[in-house]
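Novice: So that you have it, the file is protein-v4.cif, and it contains mmCIF, C-alpha atoms and all ligand atoms:
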data_upload
#
loop_
_atom_site.group_PDB
_atom_site.id
_atom_site.type_symbol
_atom_site.label_atom_id
_atom_site.label_comp_id
_atom_site.auth_asym_id
_atom_site.auth_seq_id
_atom_site.Cartn_x
_atom_site.Cartn_y
_atom_site.Cartn_z
ATOM 1 C CA MET T 736 6.210 58.245 -170.094
ATOM 2 C CA HIS T 737 4.933 56.614 -166.959
ATOM 3 C CA ILE T 738 3.262 53.213 -166.609
ATOM 4 C CA GLU T 739 0.871 52.135 -163.886
ATOM 5 C CA ILE T 740 -0.426 48.638 -163.238
ATOM 6 C CA ASP T 741 -3.318 47.499 -161.063
ATOM 7 C CA GLN T 742 -2.426 44.132 -159.597
ATOM 8 C CA ASP T 743 -5.933 43.789 -158.128
ATOM 9 C CA ARG T 744 -7.435 43.853 -161.636
ATOM 10 C CA CYS T 745 -4.838 41.617 -163.273
ATOM 11 C CA CYS T 746 -6.162 38.172 -164.204
ATOM 12 C CA ALA T 747 -2.730 36.780 -165.058
ATOM 13 C CA ALA T 748 -3.413 36.431 -168.769
ATOM 14 C CA GLY T 749 0.202 37.206 -169.660
ATOM 15 C CA GLN T 750 -0.495 39.277 -172.778
ATOM 16 C CA CYS T 751 1.589 42.142 -171.443
ATOM 17 C CA VAL T 752 4.668 39.961 -171.071
ATOM 18 C CA LEU T 753 4.284 38.658 -174.610
ATOM 19 C CA ALA T 754 4.135 42.247 -175.876
ATOM 20 C CA ALA T 755 6.943 43.706 -173.758
ATOM 21 C CA ASP T 756 8.961 41.317 -171.621
ATOM 22 C CA ASP T 757 11.453 44.048 -170.762
ATOM 23 C CA ILE T 758 8.720 46.111 -169.112
ATOM 24 C CA PHE T 759 6.392 43.518 -167.595
ATOM 25 C CA ASP T 760 6.846 40.203 -165.800
ATOM 26 C CA GLN T 761 4.537 37.877 -163.904
ATOM 27 C CA ARG T 762 4.836 36.654 -160.324
ATOM 28 C CA ASP T 763 5.965 33.046 -160.135
ATOM 29 C CA GLU T 764 3.348 32.087 -157.566
ATOM 30 C CA ASP T 765 0.167 33.364 -159.226
ATOM 31 C CA GLY T 766 1.021 34.993 -162.552
ATOM 32 C CA VAL T 767 0.003 38.488 -161.484
ATOM 33 C CA VAL T 768 1.768 41.230 -163.370
ATOM 34 C CA VAL T 769 4.928 42.880 -162.064
ATOM 35 C CA LEU T 770 6.240 46.116 -163.505
ATOM 36 C CA LEU T 771 9.946 45.879 -164.342
ATOM 37 C CA ASP T 772 10.431 49.325 -165.858
ATOM 38 C CA HIS T 773 8.133 52.179 -164.779
ATOM 39 C CA VAL T 774 9.606 54.714 -167.173
ATOM 40 C CA PRO T 775 10.755 53.207 -170.461
ATOM 41 C CA ASP T 776 12.676 55.920 -172.236
ATOM 42 C CA ASP T 777 12.444 55.254 -175.962
ATOM 43 C CA ALA T 778 9.751 55.307 -178.613
ATOM 44 C CA ASP T 779 9.934 51.575 -179.237
ATOM 45 C CA ALA T 780 9.333 50.818 -175.575
ATOM 46 C CA LEU T 781 6.449 53.283 -175.508
ATOM 47 C CA ALA T 782 4.846 51.555 -178.484
ATOM 48 C CA ARG T 783 5.191 48.139 -176.889
ATOM 49 C CA ALA T 784 3.846 49.387 -173.568
ATOM 50 C CA ARG T 785 0.806 50.796 -175.346
ATOM 51 C CA GLU T 786 0.340 47.533 -177.206
ATOM 52 C CA ALA T 787 0.445 45.655 -173.904
ATOM 53 C CA ALA T 788 -2.162 47.978 -172.421
ATOM 54 C CA ALA T 789 -4.399 47.466 -175.436
ATOM 55 C CA LEU T 790 -4.051 43.683 -175.258
ATOM 56 C CA CYS T 791 -4.644 43.367 -171.518
ATOM 57 C CA PRO T 792 -8.077 41.780 -171.058
ATOM 58 C CA ALA T 793 -8.382 43.178 -167.526
ATOM 59 C CA LEU T 794 -7.527 46.786 -168.433
ATOM 60 C CA ALA T 795 -4.919 46.643 -165.703
ATOM 61 C CA ILE T 796 -2.268 48.721 -167.488
ATOM 62 C CA GLU T 797 -2.245 52.488 -167.941
ATOM 63 C CA VAL T 798 0.360 54.239 -170.051
ATOM 64 C CA HIS T 799 0.738 57.971 -169.468
ATOM 65 C CA ALA T 800 2.737 59.675 -172.175
HETATM 66 S S1 LIG I 901 -2.082 41.295 -169.724
HETATM 67 FE FE1 LIG I 901 -3.219 42.306 -168.071
HETATM 68 S S2 LIG I 901 -4.254 40.655 -167.019
HETATM 69 FE FE2 LIG I 901 -2.624 39.723 -168.254
HETATM 70 S S3 LIG I 901 -0.838 39.569 -166.875
HETATM 71 FE FE3 LIG I 901 -0.693 41.502 -167.995
HETATM 72 S S4 LIG I 901 -1.659 43.010 -166.647
HETATM 73 FE FE4 LIG I 901 -2.324 41.000 -165.959
#
Will you turn the file into structure tokens for me?

Specialist:
Amino acid sequence: MHIEIDQDRCCAAGQCVLAADDIFDQRDEDGVVVLLDHVPDDADALARAREAAALCPALAIEVHA
């Protein structure tokens, strides 16, 4: 699995962090998403990464299985 984020699209809604705080974080200064783990390696992490992508209102997260 590989995750990509688009910081230019991110509107700092924070849904991704609520879904998977081990994979995503937000910058202190403006709340824009930061990717902590590009390649989560278990099925649970994959499920949470996909949930985060589905919840993101800016469609700023892509999960490639
Ligand atoms: S859910 Fe989307 S818009 Fe919100 S912080 Fe995460 S990547 Fe950015």

Novice: On this structure, the PyMOL selection byres (((chain T and resi 752-759) around 9) and not hetatm) would catch which residues? List them as a PDB file with C-alpha atoms, in the coordinates of the input, sorted by chain and number.

Specialist:
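To be explicit, this is the file written out as expr-v6.pdb:
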ATOM      1  CA  GLY T 749       0.202  37.206-169.660  1.00  0.00           C
ATOM      2  CA  GLN T 750      -0.495  39.277-172.778  1.00  0.00           C
ATOM      3  CA  CYS T 751       1.589  42.142-171.443  1.00  0.00           C
ATOM      4  CA  ASP T 760       6.846  40.203-165.800  1.00  0.00           C
ATOM      5  CA  GLN T 761       4.537  37.877-163.904  1.00  0.00           C
ATOM      6  CA  VAL T 768       1.768  41.230-163.370  1.00  0.00           C
ATOM      7  CA  VAL T 769       4.928  42.880-162.064  1.00  0.00           C
ATOM      8  CA  LEU T 770       6.240  46.116-163.505  1.00  0.00           C
ATOM      9  CA  LEU T 771       9.946  45.879-164.342  1.00  0.00           C
ATOM     10  CA  ASP T 772      10.431  49.325-165.858  1.00  0.00           C
ATOM     11  CA  HIS T 773       8.133  52.179-164.779  1.00  0.00           C
ATOM     12  CA  VAL T 774       9.606  54.714-167.173  1.00  0.00           C
ATOM     13  CA  PRO T 775      10.755  53.207-170.461  1.00  0.00           C
ATOM     14  CA  ALA T 780       9.333  50.818-175.575  1.00  0.00           C
ATOM     15  CA  ARG T 783       5.191  48.139-176.889  1.00  0.00           C
ATOM     16  CA  ALA T 784       3.846  49.387-173.568  1.00  0.00           C
ATOM     17  CA  GLU T 786       0.340  47.533-177.206  1.00  0.00           C
ATOM     18  CA  ALA T 787       0.445  45.655-173.904  1.00  0.00           C
ATOM     19  CA  LEU T 790      -4.051  43.683-175.258  1.00  0.00           C
TER      20      LEU T 790
END

Novice: Quick one: distance from atom FE3 of ligand LIG 901 (chain I) to atom CA of T:Glu739 in Å, one decimal?

Specialist: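 Value for the atom FE3 of ligand LIG 901 (chain I)-atom CA of T:Glu739 distance: 11.5 Å.
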
Novice: Could you tell me, counting all atoms listed in the file, which protein and nucleic acid residues lie no more than 6 Å from ligand LIG 901 (chain I), written as a VMD selection string?

Specialist: chain T and resid 745 to 751 767 to 768 791 to 793 795 to 796

Novice: Work out how far atom CA of T:Arg785 is from atom CA of T:His737, in Å to one decimal.

Specialist: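 Distance reported for this atom pair: 11.0 Å.
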
Novice: Expressed in Å to a single decimal, how great is the separation between atom CA of T:Val798 and atom CA of T:Ile740?

Specialist: 8.9 Å

Novice: Name the closest residue to T:Asp743 among the candidates T:Ala788, T:Asp776, T:Leu794, T:Leu781; distances are taken between atoms, counting all atoms listed in the file.

Specialist: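 Of the candidates, the smallest distance to T:Asp743 is held by T:Leu794.
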